[in-house]
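J.: Take a look at this one; I'll ask things after.
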Amino acid sequence: MLFKPHPNNTAIVITDPQNDFMSPGGRGYHLTKGTIERNNTIQNLELLMRTAMNKGYQLFISPHYLYPHDYGWKFTGNEQKMLLGLRMYHVANAYTPPSFGADFVHSFKPYIFDRSTVIATPHKVASPQTNDLEYQLRQHRKEKIIIAGVLSNVCVESHMRHLIETGFETAVVYDATATISEEDFHAAVTNYKAFASATWTTQEAISHL
């Protein structure tokens, strides 16, 4: 079945569009720099968001924030240990504007802070099971999802899997993602192709909008 997006029922979901993994000076940028440059991730994300919003699609942001009380967790997985160890996505509390690392990539802000965009509450591990993204999508009557962001094999893939499991038709824009290694990136793309209804480049995605 061909994935056919329409502004009335299709959302653009971007995971973790924040400086720590996506911008020079971010605490994790040294890990993702290679795939960001090879994929042209930042420019592809900008093109996807700009084109989609110009055509009337609504943008949904699923961010990752870690607060001081999160550093008191008694058990974590390896990915969470990495984030906590690097002090990534760190904010003082829910009422304080984020510092550079946890802040959104500057060139994305015109799209993220558009009055039509929905910024979900933060997820705590990798999927939207711990935030209100699914609730927001259903309240806005979205049935189809186009996903991009970071990390390809962690948050992007986890969001894809969860949204498919909860009944959304899902596509992934794979060159608008990035991760720590080429091996992780290719493994993620393999899984996108196995599970998603469509796996597109940015140019393919915008041709379908």
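How things are named: the first chain in the structure tokens is A, the next is B, and so on; residues count from 1 in each chain; ligands count from 1 in the order shown.
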Write out as a list in words which residues come within 12 Å of Thr10 in chain A when counting only C-alpha atoms, dropping same-chain ones fewer than 6 positions away.
T.: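 Close residues of Thr10 in chain A: Phe3, Lys4, Ala52, Met53, Lys55, Gly56, Tyr57, Gln58, Leu59, Phe60, Leu137, Arg138, His140, Arg141, Lys142, Glu143, Lys144, Ile145, Ile146, Ile147, Phe168, Glu169, Thr170, Ala171, His208 and Leu209 of chain A.
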J.: For the selection just defined, write its residues with N, CA, C and O atoms to a file, as a compact mmCIF listing (two decimals), in the first residue's frame.
T.:
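Result file follows (result-v8.txt):
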```
# COMPACT_ATOMS: atom_id res chain seq x y z
N PHE A 3 2.14 4.87 0.73
CA PHE A 3 1.96 5.89 1.77
C PHE A 3 1.65 7.22 1.07
O PHE A 3 2.47 7.74 0.32
N LYS A 4 0.45 7.74 1.30
CA LYS A 4 0.02 8.97 0.65
C LYS A 4 -0.28 10.03 1.71
O LYS A 4 -1.34 10.04 2.32
N ALA A 52 7.33 21.14 4.10
CA ALA A 52 6.11 20.61 4.69
C ALA A 52 5.22 21.72 5.24
O ALA A 52 4.00 21.75 4.97
N MET A 53 5.81 22.66 5.96
CA MET A 53 5.00 23.72 6.55
C MET A 53 4.44 24.65 5.47
O MET A 53 3.31 25.12 5.57
N LYS A 55 3.43 23.73 2.71
CA LYS A 55 2.33 22.99 2.10
C LYS A 55 1.21 22.67 3.08
O LYS A 55 0.29 21.92 2.74
N GLY A 56 1.32 23.22 4.29
CA GLY A 56 0.22 23.09 5.23
C GLY A 56 0.30 21.95 6.21
O GLY A 56 -0.65 21.69 6.95
N TYR A 57 1.45 21.26 6.25
CA TYR A 57 1.61 20.16 7.21
C TYR A 57 1.99 20.72 8.58
O TYR A 57 2.70 21.71 8.69
N GLN A 58 1.54 20.03 9.62
CA GLN A 58 1.83 20.45 10.99
C GLN A 58 3.06 19.71 11.51
O GLN A 58 3.21 18.51 11.30
N LEU A 59 3.90 20.43 12.22
CA LEU A 59 5.14 19.90 12.76
C LEU A 59 4.94 19.56 14.24
O LEU A 59 4.35 20.32 14.99
N PHE A 60 5.47 18.39 14.63
CA PHE A 60 5.44 17.94 16.03
C PHE A 60 6.88 17.65 16.45
O PHE A 60 7.59 16.89 15.78
N LEU A 137 -0.81 13.87 18.88
CA LEU A 137 -1.11 13.46 17.51
C LEU A 137 -2.57 13.06 17.36
O LEU A 137 -3.24 13.44 16.39
N ARG A 138 -3.08 12.33 18.32
CA ARG A 138 -4.48 11.89 18.23
C ARG A 138 -5.44 13.06 18.42
O ARG A 138 -6.49 13.13 17.77
N HIS A 140 -4.97 16.00 17.43
CA HIS A 140 -4.95 16.76 16.18
C HIS A 140 -5.37 15.91 14.98
O HIS A 140 -5.22 16.34 13.83
N ARG A 141 -5.92 14.72 15.28
CA ARG A 141 -6.49 13.84 14.24
C ARG A 141 -5.46 13.44 13.17
O ARG A 141 -5.77 13.39 11.99
N LYS A 142 -4.23 13.17 13.63
CA LYS A 142 -3.21 12.71 12.70
C LYS A 142 -3.19 11.18 12.69
O LYS A 142 -3.20 10.53 13.74
N GLU A 143 -3.16 10.61 11.50
CA GLU A 143 -3.15 9.16 11.31
C GLU A 143 -1.85 8.67 10.68
O GLU A 143 -1.49 7.51 10.83
N LYS A 144 -1.18 9.55 9.96
CA LYS A 144 0.05 9.22 9.26
C LYS A 144 1.18 10.09 9.81
O LYS A 144 0.96 11.27 10.11
N ILE A 145 2.37 9.50 9.90
CA ILE A 145 3.50 10.19 10.51
C ILE A 145 4.71 10.09 9.59
O ILE A 145 5.03 9.01 9.10
N ILE A 146 5.39 11.22 9.39
CA ILE A 146 6.68 11.25 8.69
C ILE A 146 7.72 11.65 9.73
O ILE A 146 7.62 12.73 10.33
N ILE A 147 8.71 10.78 9.96
CA ILE A 147 9.66 10.96 11.06
C ILE A 147 11.06 11.25 10.53
O ILE A 147 11.51 10.66 9.54
N PHE A 168 -0.39 4.00 13.95
CA PHE A 168 -0.12 5.06 12.99
C PHE A 168 0.59 4.50 11.76
O PHE A 168 1.46 3.63 11.88
N GLU A 169 0.24 4.99 10.60
CA GLU A 169 0.96 4.68 9.37
C GLU A 169 2.18 5.59 9.32
O GLU A 169 2.04 6.82 9.47
N THR A 170 3.34 5.02 9.11
CA THR A 170 4.58 5.76 9.37
C THR A 170 5.57 5.66 8.23
O THR A 170 5.76 4.59 7.64
N ALA A 171 6.21 6.80 7.92
CA ALA A 171 7.31 6.87 6.96
C ALA A 171 8.52 7.50 7.65
O ALA A 171 8.36 8.31 8.57
N HIS A 208 6.46 13.82 -2.39
CA HIS A 208 5.18 13.20 -2.03
C HIS A 208 4.27 14.14 -1.25
O HIS A 208 3.09 13.84 -1.07
N LEU A 209 4.82 15.24 -0.75
CA LEU A 209 4.02 16.14 0.09
C LEU A 209 3.01 16.91 -0.76
O LEU A 209 3.27 17.25 -1.90
```
J.: Tell me, as a list in words, which residues lie within 7 Å of range 78-93 of chain A, counting only C-alpha atoms; anything in the same chain fewer than 4 positions away does not count.
T.: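 Counting only the stated atoms, we get Asp20, Arg27, His64, Tyr65, Leu66, Tyr67, Pro68, Tyr71, Pro98, Ser99, Gly101, Ala102 and Val125 of chain A.
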J.: With a cut-off of 8 Å, could you pull out the residues of range 24-69 of chain A touching range 180-192 of chain A and give me the nearest pair of atoms for each, distance in Å to one decimal, using only C-alpha atoms, ordered by chain and ascending number, as a Markdown table?
T.:
```
| residue | atom | partner | partner_atom | distance |
| --- | --- | --- | --- | --- |
| A:Leu31 | CA | A:Ile180 | CA | 5.1 |
| A:Thr32 | CA | A:Ile180 | CA | 4.7 |
| A:Lys33 | CA | A:Ile180 | CA | 8.0 |
| A:Gly34 | CA | A:Ser181 | CA | 7.6 |
| A:Thr35 | CA | A:Glu182 | CA | 6.8 |
```
J.: Quick one: residues within 12 Å of range 109-117 of chain A, only C-alpha atoms, excluding same-chain residues fewer than 3 positions away - as a VMD selection string?
T.: chain A and resid 11 to 19 45 to 54 56 to 63 103 to 106 120 136 to 137 140
J.: Expressed in Å to a single decimal, how great is the separation between CA of Val173 in chain A and CA of Asn39 in chain A?
T.: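 Value for the CA of Val173 in chain A-CA of Asn39 in chain A distance: 11.0 Å.
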J.: Extract the full set of strand (DSSP E) residues from range 31-91 of chain A according to DSSP on the backbone, and format it as a tab-separated table (two decimals) with C-alpha atoms, in the first residue's frame.
T.:
```tsv
chain	number	residue	atom	x	y	z
A	58	GLN	CA	1.83	20.45	10.99
A	59	LEU	CA	5.14	19.90	12.76
A	60	PHE	CA	5.44	17.94	16.03
A	61	ILE	CA	8.67	18.07	18.08
A	62	SER	CA	9.61	15.29	20.49
```
J.: For a test of reading the model, state the distance in Å between CA of Arg38 in chain A and CA of Met22 in chain A, rounded to one decimal.
T.: 13.1 Å
J.: So that I can see what lies close to Ala176 in chain A, please list as a list in words the residues with an atom at most 9 Å from it, counting only C-alpha atoms and leaving out residues fewer than 2 positions away in the same chain.
T.: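 Using only C-alpha atoms, the neighbours found are Ile36, Asn39, Asn40, Thr41, Ile42, Gln43, Asn44, Leu45, Glu46, Leu48, Ile147, Ala148, Gly149, Val150, Ser152, Val172, Val173, Tyr174, Ala178, Thr201 and Thr202 of chain A.
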J.: Suppose we keep N, CA, C and O atoms; can you now write the selection as a short mmCIF file (atom, residue, chain, number, x, y, z; two decimals), in the first residue's frame?
T.:
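Done, and the output landed in again-v3.cif:
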```
data_model
loop_
_atom_site.label_atom_id
_atom_site.label_comp_id
_atom_site.auth_asym_id
_atom_site.auth_seq_id
_atom_site.Cartn_x
_atom_site.Cartn_y
_atom_site.Cartn_z
N ILE A 36 26.26 13.21 10.15
CA ILE A 36 25.59 14.48 9.85
C ILE A 36 26.16 15.07 8.56
O ILE A 36 25.40 15.52 7.68
N ASN A 39 25.28 12.70 5.45
CA ASN A 39 23.86 12.73 5.09
C ASN A 39 23.35 14.13 4.76
O ASN A 39 22.23 14.26 4.24
N ASN A 40 24.14 15.16 5.10
CA ASN A 40 23.65 16.54 4.96
C ASN A 40 22.41 16.73 5.83
O ASN A 40 21.42 17.36 5.43
N THR A 41 22.48 16.19 7.04
CA THR A 41 21.30 16.07 7.90
C THR A 41 20.65 17.41 8.21
O THR A 41 19.42 17.54 8.12
N ILE A 42 21.43 18.40 8.59
CA ILE A 42 20.85 19.68 9.02
C ILE A 42 20.11 20.34 7.86
O ILE A 42 18.95 20.77 8.00
N GLN A 43 20.73 20.39 6.70
CA GLN A 43 20.10 21.01 5.54
C GLN A 43 18.86 20.21 5.10
O GLN A 43 17.85 20.80 4.71
N ASN A 44 18.94 18.89 5.19
CA ASN A 44 17.78 18.07 4.82
C ASN A 44 16.62 18.27 5.78
O ASN A 44 15.46 18.33 5.35
N LEU A 45 16.91 18.37 7.06
CA LEU A 45 15.84 18.63 8.03
C LEU A 45 15.20 19.99 7.78
O LEU A 45 13.97 20.12 7.83
N GLU A 46 16.02 21.00 7.53
CA GLU A 46 15.47 22.33 7.23
C GLU A 46 14.58 22.28 5.99
O GLU A 46 13.47 22.85 5.98
N LEU A 48 13.01 19.68 4.69
CA LEU A 48 11.80 18.92 4.99
C LEU A 48 10.80 19.76 5.77
O LEU A 48 9.62 19.83 5.40
N ILE A 147 8.71 10.78 9.96
CA ILE A 147 9.66 10.96 11.06
C ILE A 147 11.06 11.25 10.53
O ILE A 147 11.51 10.66 9.54
N ALA A 148 11.77 12.14 11.25
CA ALA A 148 13.19 12.40 11.01
C ALA A 148 13.80 12.90 12.32
O ALA A 148 13.08 13.17 13.28
N GLY A 149 15.12 13.03 12.36
CA GLY A 149 15.79 13.56 13.56
C GLY A 149 16.97 12.70 13.95
O GLY A 149 17.59 12.03 13.14
N VAL A 150 17.31 12.71 15.23
CA VAL A 150 18.42 11.91 15.77
C VAL A 150 17.93 11.19 17.03
O VAL A 150 16.95 11.60 17.63
N SER A 152 19.45 8.10 14.60
CA SER A 152 18.78 7.23 13.64
C SER A 152 18.31 5.92 14.25
O SER A 152 17.18 5.48 14.05
N VAL A 172 9.71 7.14 7.21
CA VAL A 172 10.94 7.70 7.78
C VAL A 172 11.77 8.33 6.67
O VAL A 172 11.93 7.74 5.59
N VAL A 173 12.29 9.54 6.93
CA VAL A 173 13.16 10.24 5.99
C VAL A 173 14.59 9.99 6.46
O VAL A 173 15.11 10.68 7.34
N TYR A 174 15.25 9.00 5.86
CA TYR A 174 16.46 8.47 6.47
C TYR A 174 17.67 9.38 6.32
O TYR A 174 18.58 9.34 7.17
N ALA A 178 20.73 11.08 11.71
CA ALA A 178 22.17 10.87 11.89
C ALA A 178 22.37 10.07 13.17
O ALA A 178 21.52 10.08 14.07
N THR A 201 14.32 9.30 0.93
CA THR A 201 15.25 10.40 1.05
C THR A 201 14.45 11.68 1.23
O THR A 201 13.21 11.70 1.04
N THR A 202 15.12 12.76 1.56
CA THR A 202 14.42 14.05 1.70
C THR A 202 13.78 14.46 0.40
O THR A 202 12.62 14.92 0.37
#
```
J.: What's the separation between CA of Trp200 in chain A and CA of Asp175 in chain A, in Å to one decimal place?
T.: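 Pair CA of Trp200 in chain A / CA of Asp175 in chain A returns 7.9 Å.
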J.: Write down as a ChimeraX atom specification the residues of range 23-156 of chain A whose backbone DSSP state falls under helix (DSSP H, G or I).
T.: /A:29-39,41-54,68-72,78-86,106-112,128-130,133-139,152-156
